[in-house]
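S.K.: Sharing a structure, written as structure tokens. Questions coming.
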Amino acid sequence: MLKQTEGSHAVAEAVALCRPDVICAYPISPQTHIVEGLGELVKSGALAPCEFINVESEFAAMSVAIGASAAGARAYTATASQGLLFMAEAVYNASGLGLPIVMTVANRAIGAPINIWNDHSDAMSQRDSGWLQLYAETNQEAVDLHIQAFKLAEELSMPVMVCMDGFILTHAVERVDVPEPTDVDAFLPPYSPRQVLDPADPVSIGAMVGPEAFMEVRYLAHAKQLSALEHIPRIAAEFEARFGRTSGGLVRGYRCDDAETIVVALGSVIGTLKETVDALRADGVKVGVLGIQSYRPFPLAAVRAALQGAQRVVVLEKSFCVGLGGVVSTDVRVALSGLQLHGYTVVAGLGGRAITRASLERMLKDAVADRLAPLTFLDLDWRIVERQLAREAQTRRSGPIAENLLRDVGTVAAKVA
Amino acid sequence: MDQQVKFYQTGTFTVGNRLLSPELRTVQASTARSNSLNSGHRACQGCGEALGARYAIDAAMRATSKRLIAANATGCLEVFSTPYPESSWQLPWIHSLFGNAAAVGTGIAAALHVRALKSGRTASDVRVIAQGGDGGTTDIGFGCLSGMFERNDDVLYICYDNEAYMNTGVQRSSATPPAARTATTMAVGAAPGAEFGKGKNVPRIAMAHEIPYVATATVADLHDLEAKVERAMTIRGARYLHILVPCPLGWGSASHDTIRLARLARETGIFPVFEAERGEVTRVSKIRRRVPVDEYLRPQKRFAHLFGANGHADMLQRIQDEADRNIRRFHLLDEGSAA
């Protein structure tokens with residue numbers, strides 16, 4: 001049904017359509033509206049039977065989901081930012097145990113300095129956790145990916161993270177087609193666990209594994225992710241056949257066919273990039289966008305196939321590997337190994353810094369002219385960076401960094417508008 | 001049987017199963033017991049935790065007709081029972097992490113409840129136990145434990161308390177008693193061993209959550225321990241059982257002294273054995289023959305620095321004072337008996 005609704009609320013409806021048995025809720029912005037929406041559906045009886053559990057931390061949220069999933073329940077939770085880090089030990093545990101939990105990550109920066117706005121640092125910190133990571137470009141795709149995620153998770157017996165940009169998507173009110181329950185029921189069969197805690201057939205789950213088999217267990221997780229490279233497009237195709245929409249899949253190109261320059265990106269910024277590409281195309285600049293929907297598993301072959309005809313690749317990412325540069329670009333480089341392409345990493349939008357069309361256009365023109373630095377920080381205010389560096393060089397007790405910078409910046413609003 | 005059996009009639013602390021009618025005998029006395037923690041595991045000789053876990057889980061298995069699932073924290077119990085690919089557990093069992101056994105228990109209980117509702121029942125007949133050592137309970141798992149308590153989730157949490165992190169090599173936990181030597185509270189300096197005035201009493205904290213049932217027990221009194229497990233399994237909601245389980249390795253005690261030390265912990269007043277419901281003590285195991293704390297402490301090398309020519313009589317007195325306070329607080333002596 002088409003409706004004008006908030007991204008979080010639409011996701012709550014989509015998750016409810018998947019008939020989860022257990023939902024663990026712990027508040028953290030910008031994810032809160034999702035579990036609030038689900039809590040209301042459970043409390044009102046609209047989603048039943050379902051256990052909605054207000055836990056005491058994100059670590060408990062994932063732990064309760066682990067117990068529920070191991071006991072045969074379809075389990076769901078949502079988190080962001082510090083919350084994802086706080087549950088990190090359990091995040092790894094869920095995938096190590098092969099439990100098909102689905103979790104929304106409403107992508108948000110990680111502190112310090114504390115920052116509630118969007119970037120991809122949180123999900124990227126868990127890229128090696130064994131979870132599959134799907135990134136939504138729009139709220140419609142966020143809705144659709146959740147429905148696909150439960151199917152994918154349960155077919156593989158591996159957990160799936162659906163990543164959607166905090167605030168930009170979670171709090172945006174726009175048109176979303178929320179599927180009909182009968183269609184979702186037909187698409188997503190009831191959960192049939194591979195392993196379950198059952199007194200009629202007792203098993204021990206989570207035994208200690210030493211050097212004799214640990215590598216093999218870890219490899220099997222990798223093998224499952226490799227097989228997901230086939231499952232993900234198939235499930236996306238099944239979804240399209242039933243719901244009439246293209247959502248998910250591994251990667252999606254936009255005006256890439258004859259593109260000399262292709263920008264690679266994840267999440268909602270793809271929308272802004274498409275508009276920028278349209279504008280540049282109107283001026284005769286041959287650019288395209290490659291959106292990565294499946295970041296884990298990373299679709300090496302699909303990325304290579306999409307990029308190998310280009311002359312240069314710009315990876316625009318909302319994540320930052322301190323001491324190296326890009327996170328996503330490192331993976332893209334693996335996909336392009338052996339190809340002689342100009343490669344640029346553009347770190348953008350950290351902590352909610354607006355990524356404007358004007359900035360993207362300027363950056364892409366520099367890229368096309370090969371004037372771009374290999375590692376570029378989009379719209380970085382060098383003035384205040386240099387002032388702080390100078391301060392630290394002059395004074396031992398130079399004070400808290402963030403406060404110094406804010407004092408130098410003056411008004412904050414000018415930076416986020 | 002009409003007549004109430006009085007234990008200890010042999011003149012020792014032997015409970016004497018053979019003096020009881022079959023239905024009053026312990027689960028452990030039955031060859032038909034589930035033997036939930038099967039032989040072949042790697043626990044040390046004289047391990048109190050292995051005994052406590054088998055006693056507790058076997059009793060729970062009988063109480064639930066083997067409709068039971070256990071979640072286990074990381075620690076000795078998990079490591080010695082499940083060296084891959086072997087497992088001693090004769091029931092569905094899961095180990096997730098060190099600090100989340102209570103939360104995993106909550107998740108299992110939630111899953112079982114939904115399944116029960118789907119099949120038209122109001123509650124699941126399958127019950128849940130979460131268990132861990134004192135480190136996994138009183139320290140790293142404390143947040144999850146408190147959360148499980150306050151939500152009154154339908155889980156029995158059992159803490160096997162051997163008063164330190166034994167699995168990692170005997171480091172101090174918040175359950176380590178004052179003056180005890182551990183690898184991180186060394187028996188050196190002017191105040192050797194664990195400091196006085198630190199640590200936490202989780203049974204009393206559990207009571208403060210006003211959960212339906214809290215009990216303490218030791219491996220020295222099998223009847224009492226089993227009865228508490230069975231009582232716990234008659235109740236829905238959050239329940240907590242704290243079992244003192246001596247550790248020969250960590251305590252520096254003889255492996256044949258595990259039961260004796262557990263009994264002395266109770267008879268000195270150092271470890272009060274009681275039951276509480278909704279935050280109020282409902283029953284205590286009275287001290288039968290009171291003994292000074294020295295008798296409990298002396299056989300344990302972790303307290304060796306308190307004795308001898310360079311001993312610490314002042315610290316011994318403080319430990320005695322704390323035992324005396326327990327005796328007063330929990331009314332551990334019969335009215336009129338010699339204090």
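In the structure tokens, chains take letters A, B, ... by order of appearance, with residues numbered from 1 within each chain and ligands from 1 in the order shown.
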Write out as a list in words the residues lying within 12 Å of Arg298 of chain B, counting only C-alpha atoms and excluding same-chain residues fewer than 2 positions away.
M.R.: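 Everything that qualifies: Ala180, Trp251, Gly252, Ser253, Ala254, Asp257, Leu261, Leu264, Ala265, Pro292, Val293, Asp294, Glu295, Tyr296, Gln300, Lys301, Arg302, Phe303, Ala304, His305, Leu306, Phe307, Gly308, Gly311 and Leu316 of chain B.
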S.K.: List every residue of chain B that has an atom at most 6 Å from any atom of chain A, giving for each one its closest atom pair and the distance in Å to one decimal, counting only C-alpha atoms, sorted by chain and then by ascending residue number, as CSV.
M.R.:
```
residue,atom,partner,partner_atom,distance
B:Arg67,CA,A:Pro199,CA,5.6
B:Thr82,CA,A:Ala207,CA,5.2
B:Pro83,CA,A:Met208,CA,5.5
B:Tyr84,CA,A:Val209,CA,5.2
B:Leu91,CA,A:Pro202,CA,5.0
B:Pro92,CA,A:Pro202,CA,4.1
B:Trp93,CA,A:Ser204,CA,4.7
B:Ile94,CA,A:Ile205,CA,4.5
B:His95,CA,A:Gly206,CA,4.7
B:Ala103,CA,A:Val64,CA,4.9
B:Val104,CA,A:Gly67,CA,4.1
B:Thr106,CA,A:Val64,CA,5.9
B:Gly107,CA,A:Ala68,CA,4.1
B:Ile108,CA,A:Ala68,CA,4.6
B:Ala111,CA,A:Ala68,CA,4.9
B:Val114,CA,A:Pro49,CA,5.9
B:Gly147,CA,A:Glu56,CA,5.6
```
S.K.: Just C-alpha atoms for this one: save the residues we selected as a compact mmCIF listing (two decimals), in the first residue's frame.
M.R.:
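Heads up, here's the output in out.txt:
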```txt
# COMPACT_ATOMS: atom_id res chain seq x y z
CA ARG B 67 11.95 -30.34 29.55
CA THR B 82 32.57 -28.93 26.11
CA PRO B 83 36.01 -29.52 24.62
CA TYR B 84 35.11 -29.69 20.92
CA LEU B 91 20.32 -31.51 27.71
CA PRO B 92 20.05 -28.75 25.09
CA TRP B 93 22.81 -26.34 26.06
CA ILE B 94 24.22 -23.14 24.63
CA HIS B 95 27.32 -21.15 25.40
CA ALA B 103 20.23 -12.42 28.54
CA VAL B 104 20.58 -15.56 26.42
CA THR B 106 15.82 -14.42 28.51
CA GLY B 107 15.90 -14.91 24.75
CA ILE B 108 15.33 -18.65 25.04
CA ALA B 111 11.21 -17.92 22.13
CA VAL B 114 5.97 -17.43 21.68
CA GLY B 147 18.07 -6.80 33.54
```
S.K.: Just asking: which residues within segment 98-245 of chain B are strand (DSSP E or B) according to DSSP, as a list in words?
M.R.: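 DSSP on the backbone gives strand (DSSP E or B) at Arg127, Val128, Ile129, Ala130, Gln131, Gly132, Gly133, Leu156, Tyr157, Ile158, Cys159, Tyr160, Asp161, Tyr165, Gln171, Tyr213, Val214, Ala215, Thr216, Ala217, Thr218, Arg239, Tyr240, Leu241, His242, Ile243 and Leu244 of chain B.
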S.K.: Could you take the residues named above and write them with N, CA and C atoms, as a tab-separated table (two decimals), in the first residue's frame?
M.R.:
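Output (out-v2.tsv):
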```tsv
chain	number	residue	atom	x	y	z
B	127	ARG	N	11.52	-25.36	30.39
B	127	ARG	CA	12.01	-24.31	31.29
B	127	ARG	C	13.46	-23.98	30.98
B	128	VAL	N	13.91	-22.85	31.53
B	128	VAL	CA	15.23	-22.33	31.17
B	128	VAL	C	16.09	-22.09	32.40
B	129	ILE	N	17.31	-22.56	32.32
B	129	ILE	CA	18.32	-22.23	33.34
B	129	ILE	C	19.45	-21.49	32.65
B	130	ALA	N	19.91	-20.41	33.28
B	130	ALA	CA	21.15	-19.76	32.85
B	130	ALA	C	22.13	-19.93	33.99
B	131	GLN	N	23.38	-20.17	33.66
B	131	GLN	CA	24.33	-20.46	34.73
B	131	GLN	C	25.72	-19.94	34.39
B	132	GLY	N	26.46	-19.66	35.46
B	132	GLY	CA	27.82	-19.18	35.28
B	132	GLY	C	28.55	-19.18	36.61
B	133	GLY	N	29.83	-18.88	36.54
B	133	GLY	CA	30.62	-18.77	37.76
B	133	GLY	C	30.43	-17.39	38.38
B	156	LEU	N	15.68	-19.38	35.61
B	156	LEU	CA	16.39	-19.63	36.87
B	156	LEU	C	17.87	-19.43	36.58
B	157	TYR	N	18.46	-18.44	37.26
B	157	TYR	CA	19.89	-18.21	37.09
B	157	TYR	C	20.62	-18.87	38.26
B	158	ILE	N	21.61	-19.69	37.93
B	158	ILE	CA	22.41	-20.34	38.97
B	158	ILE	C	23.84	-19.84	38.89
B	159	CYS	N	24.30	-19.30	40.01
B	159	CYS	CA	25.70	-18.88	40.12
B	159	CYS	C	26.46	-19.93	40.91
B	160	TYR	N	27.49	-20.49	40.30
B	160	TYR	CA	28.38	-21.40	41.00
B	160	TYR	C	29.56	-20.57	41.49
B	161	ASP	N	29.55	-20.25	42.75
B	161	ASP	CA	30.47	-19.26	43.30
B	161	ASP	C	31.70	-19.95	43.90
B	165	TYR	N	38.18	-15.81	39.65
B	165	TYR	CA	38.24	-16.24	38.24
B	165	TYR	C	39.18	-17.43	38.15
B	171	GLN	N	42.12	-15.16	39.52
B	171	GLN	CA	42.18	-13.73	39.77
B	171	GLN	C	40.96	-13.31	40.61
B	213	TYR	N	11.99	-15.50	43.75
B	213	TYR	CA	12.70	-16.48	44.56
B	213	TYR	C	14.21	-16.27	44.48
B	214	VAL	N	14.84	-16.22	45.64
B	214	VAL	CA	16.30	-16.15	45.75
B	214	VAL	C	16.70	-17.18	46.80
B	215	ALA	N	17.74	-17.94	46.52
B	215	ALA	CA	18.22	-18.89	47.52
B	215	ALA	C	19.72	-19.03	47.43
B	216	THR	N	20.32	-19.42	48.54
B	216	THR	CA	21.73	-19.80	48.54
B	216	THR	C	21.82	-21.25	48.98
B	217	ALA	N	22.89	-21.90	48.58
B	217	ALA	CA	23.08	-23.31	48.93
B	217	ALA	C	24.57	-23.61	48.82
B	218	THR	N	24.94	-24.76	49.32
B	218	THR	CA	26.32	-25.22	49.14
B	218	THR	C	26.28	-26.66	48.64
B	239	ARG	N	14.35	-16.15	38.93
B	239	ARG	CA	14.77	-16.82	40.16
B	239	ARG	C	16.29	-16.88	40.19
B	240	TYR	N	16.84	-16.86	41.39
B	240	TYR	CA	18.30	-16.82	41.53
B	240	TYR	C	18.75	-17.81	42.59
B	241	LEU	N	19.68	-18.67	42.22
B	241	LEU	CA	20.25	-19.64	43.16
B	241	LEU	C	21.76	-19.46	43.16
B	242	HIS	N	22.29	-19.19	44.33
B	242	HIS	CA	23.72	-18.91	44.48
B	242	HIS	C	24.33	-20.06	45.27
B	243	ILE	N	25.16	-20.86	44.61
B	243	ILE	CA	25.70	-22.07	45.25
B	243	ILE	C	27.19	-21.88	45.51
B	244	LEU	N	27.60	-22.07	46.76
B	244	LEU	CA	29.03	-22.00	47.09
B	244	LEU	C	29.69	-23.31	46.67
```
S.K.: Residues of segment 9-232 of chain A in helix (DSSP H, G or I) according to DSSP, as number ranges by chain?
M.R.: A: 9-17, 32-43, 58-70, 81-86, 88-96, 121-125, 139-156, 181-187, 214-232
S.K.: Do a neighbour search on segment 187-203 of chain B at 6 Å with only C-alpha atoms, toss out local chain neighbours closer than 4 positions, and write the hits as a list in words.
M.R.: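 What passes the distance filter is Ser174, Ala175, Pro178, Ala179, Ala180 and Arg181 of chain B.
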S.K.: Which residues are near Asp331 of chain A? Cut-off 12 Å, only C-alpha atoms, ignore same chain within fewer than 6 positions. Put them as a list of chain:residue names.
M.R.: A:Met124, A:Arg127, A:Val264, A:Ile292, A:Tyr295, A:Arg296, A:Pro297, A:Phe298, A:Pro299, A:Leu300, A:Ala301, A:Val303, A:Arg304, A:Val315, A:Glu317, A:Gly325, A:Ser337, A:Thr345
S.K.: Could you take the residues named above and write them with N, CA and C atoms, as a PDB file, in the first residue's frame?
M.R.:
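See again_11.pdb below for the written result:
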```
ATOM      1  N   MET A 124      30.700  -0.066   9.357  1.00  0.00           N
ATOM      2  CA  MET A 124      32.011  -0.445   8.823  1.00  0.00           C
ATOM      3  C   MET A 124      32.886  -1.090   9.898  1.00  0.00           C
ATOM      4  N   ARG A 127      32.420  -4.757   9.736  1.00  0.00           N
ATOM      5  CA  ARG A 127      32.418  -5.363   8.393  1.00  0.00           C
ATOM      6  C   ARG A 127      33.043  -6.757   8.409  1.00  0.00           C
ATOM      7  N   VAL A 264      31.735   5.275  -6.951  1.00  0.00           N
ATOM      8  CA  VAL A 264      31.205   4.148  -6.180  1.00  0.00           C
ATOM      9  C   VAL A 264      30.751   4.677  -4.837  1.00  0.00           C
ATOM     10  N   ILE A 292      26.694   0.183  -4.266  1.00  0.00           N
ATOM     11  CA  ILE A 292      26.924  -1.165  -3.722  1.00  0.00           C
ATOM     12  C   ILE A 292      25.819  -1.440  -2.705  1.00  0.00           C
ATOM     13  N   TYR A 295      27.447  -4.965   0.814  1.00  0.00           N
ATOM     14  CA  TYR A 295      28.839  -4.656   1.155  1.00  0.00           C
ATOM     15  C   TYR A 295      29.535  -5.883   1.745  1.00  0.00           C
ATOM     16  N   ARG A 296      28.783  -6.716   2.461  1.00  0.00           N
ATOM     17  CA  ARG A 296      29.290  -8.021   2.891  1.00  0.00           C
ATOM     18  C   ARG A 296      28.225  -9.045   2.584  1.00  0.00           C
ATOM     19  N   PRO A 297      28.439 -10.049   1.740  1.00  0.00           N
ATOM     20  CA  PRO A 297      29.705 -10.257   1.068  1.00  0.00           C
ATOM     21  C   PRO A 297      30.004  -9.134   0.071  1.00  0.00           C
ATOM     22  N   PHE A 298      31.294  -8.860  -0.129  1.00  0.00           N
ATOM     23  CA  PHE A 298      31.660  -7.829  -1.090  1.00  0.00           C
ATOM     24  C   PHE A 298      31.710  -8.452  -2.480  1.00  0.00           C
ATOM     25  N   PRO A 299      30.906  -7.919  -3.407  1.00  0.00           N
ATOM     26  CA  PRO A 299      30.786  -8.549  -4.730  1.00  0.00           C
ATOM     27  C   PRO A 299      31.951  -8.171  -5.651  1.00  0.00           C
ATOM     28  N   LEU A 300      33.092  -8.801  -5.421  1.00  0.00           N
ATOM     29  CA  LEU A 300      34.310  -8.452  -6.171  1.00  0.00           C
ATOM     30  C   LEU A 300      34.084  -8.501  -7.679  1.00  0.00           C
ATOM     31  N   ALA A 301      33.489  -9.617  -8.144  1.00  0.00           N
ATOM     32  CA  ALA A 301      33.338  -9.807  -9.590  1.00  0.00           C
ATOM     33  C   ALA A 301      32.381  -8.783 -10.182  1.00  0.00           C
ATOM     34  N   VAL A 303      31.626  -5.818  -8.995  1.00  0.00           N
ATOM     35  CA  VAL A 303      32.235  -4.491  -8.950  1.00  0.00           C
ATOM     36  C   VAL A 303      33.249  -4.345 -10.085  1.00  0.00           C
ATOM     37  N   ARG A 304      34.052  -5.384 -10.274  1.00  0.00           N
ATOM     38  CA  ARG A 304      35.057  -5.352 -11.345  1.00  0.00           C
ATOM     39  C   ARG A 304      34.392  -5.225 -12.709  1.00  0.00           C
ATOM     40  N   VAL A 315      35.850   6.499  -5.234  1.00  0.00           N
ATOM     41  CA  VAL A 315      35.043   5.879  -4.182  1.00  0.00           C
ATOM     42  C   VAL A 315      34.684   6.971  -3.187  1.00  0.00           C
ATOM     43  N   GLU A 317      32.998   7.755   0.147  1.00  0.00           N
ATOM     44  CA  GLU A 317      32.532   6.981   1.302  1.00  0.00           C
ATOM     45  C   GLU A 317      32.373   7.804   2.560  1.00  0.00           C
ATOM     46  N   GLY A 325      43.036   5.778   5.159  1.00  0.00           N
ATOM     47  CA  GLY A 325      42.201   6.506   4.219  1.00  0.00           C
ATOM     48  C   GLY A 325      40.829   5.890   4.119  1.00  0.00           C
ATOM     49  N   SER A 337      42.091  -5.228  -8.902  1.00  0.00           N
ATOM     50  CA  SER A 337      43.515  -5.551  -8.909  1.00  0.00           C
ATOM     51  C   SER A 337      43.966  -5.980 -10.315  1.00  0.00           C
ATOM     52  N   THR A 345      39.962   8.265  -3.556  1.00  0.00           N
ATOM     53  CA  THR A 345      39.123   8.057  -2.385  1.00  0.00           C
ATOM     54  C   THR A 345      38.644   9.415  -1.903  1.00  0.00           C
TER      55      THR A 345
END
```
S.K.: For Ala238 of chain B, list every protein, DNA or RNA residue within 7 Å, evaluated using only C-alpha atoms, and leave out those in the same chain fewer than 2 positions away; present the list as a ChimeraX atom specification.
M.R.: /B:148-149,152-156,211-212,236,240
S.K.: With C-alpha atoms retained, export the selected residues as a PDB file, in the first residue's frame.
M.R.:
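Output contents, as saved in part_30.pdb:
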```
ATOM      1  CA  MET B 148      16.730 -10.343  33.585  1.00  0.00           C
ATOM      2  CA  PHE B 149      15.719  -9.866  37.242  1.00  0.00           C
ATOM      3  CA  ASN B 152      11.067 -10.872  35.853  1.00  0.00           C
ATOM      4  CA  ASP B 153      11.962 -13.064  32.894  1.00  0.00           C
ATOM      5  CA  ASP B 154      11.123 -16.731  33.324  1.00  0.00           C
ATOM      6  CA  VAL B 155      14.685 -17.920  33.947  1.00  0.00           C
ATOM      7  CA  LEU B 156      16.394 -19.634  36.869  1.00  0.00           C
ATOM      8  CA  ILE B 211      12.090 -11.294  42.290  1.00  0.00           C
ATOM      9  CA  PRO B 212       9.929 -14.289  43.223  1.00  0.00           C
ATOM     10  CA  ARG B 236       7.476 -18.643  37.110  1.00  0.00           C
ATOM     11  CA  TYR B 240      18.299 -16.823  41.526  1.00  0.00           C
TER      12      TYR B 240
END
```
S.K.: Give me the residues near Phe86 of chain A as a list in words, where near means some atom within 7 Å (using only C-alpha atoms) and where sequence neighbours in that chain fewer than 3 positions away do not count.
M.R.: Glu58, Phe59, Gln82 and Gly83 of chain A
S.K.: Report, in Å with one decimal, the straight-line distance from atom CA of Thr79 of chain A to atom CA of His231 of chain A.
M.R.: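 Computing the Euclidean distance for atom CA of Thr79 of chain A and atom CA of His231 of chain A yields 25.3 Å.
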S.K.: Out of B:Phe330, B:Phe142, B:Tyr55, B:Phe271, which residue has the shortest atom-to-atom distance to Ser30 of chain B when counting only C-alpha atoms?
M.R.: B:Tyr55
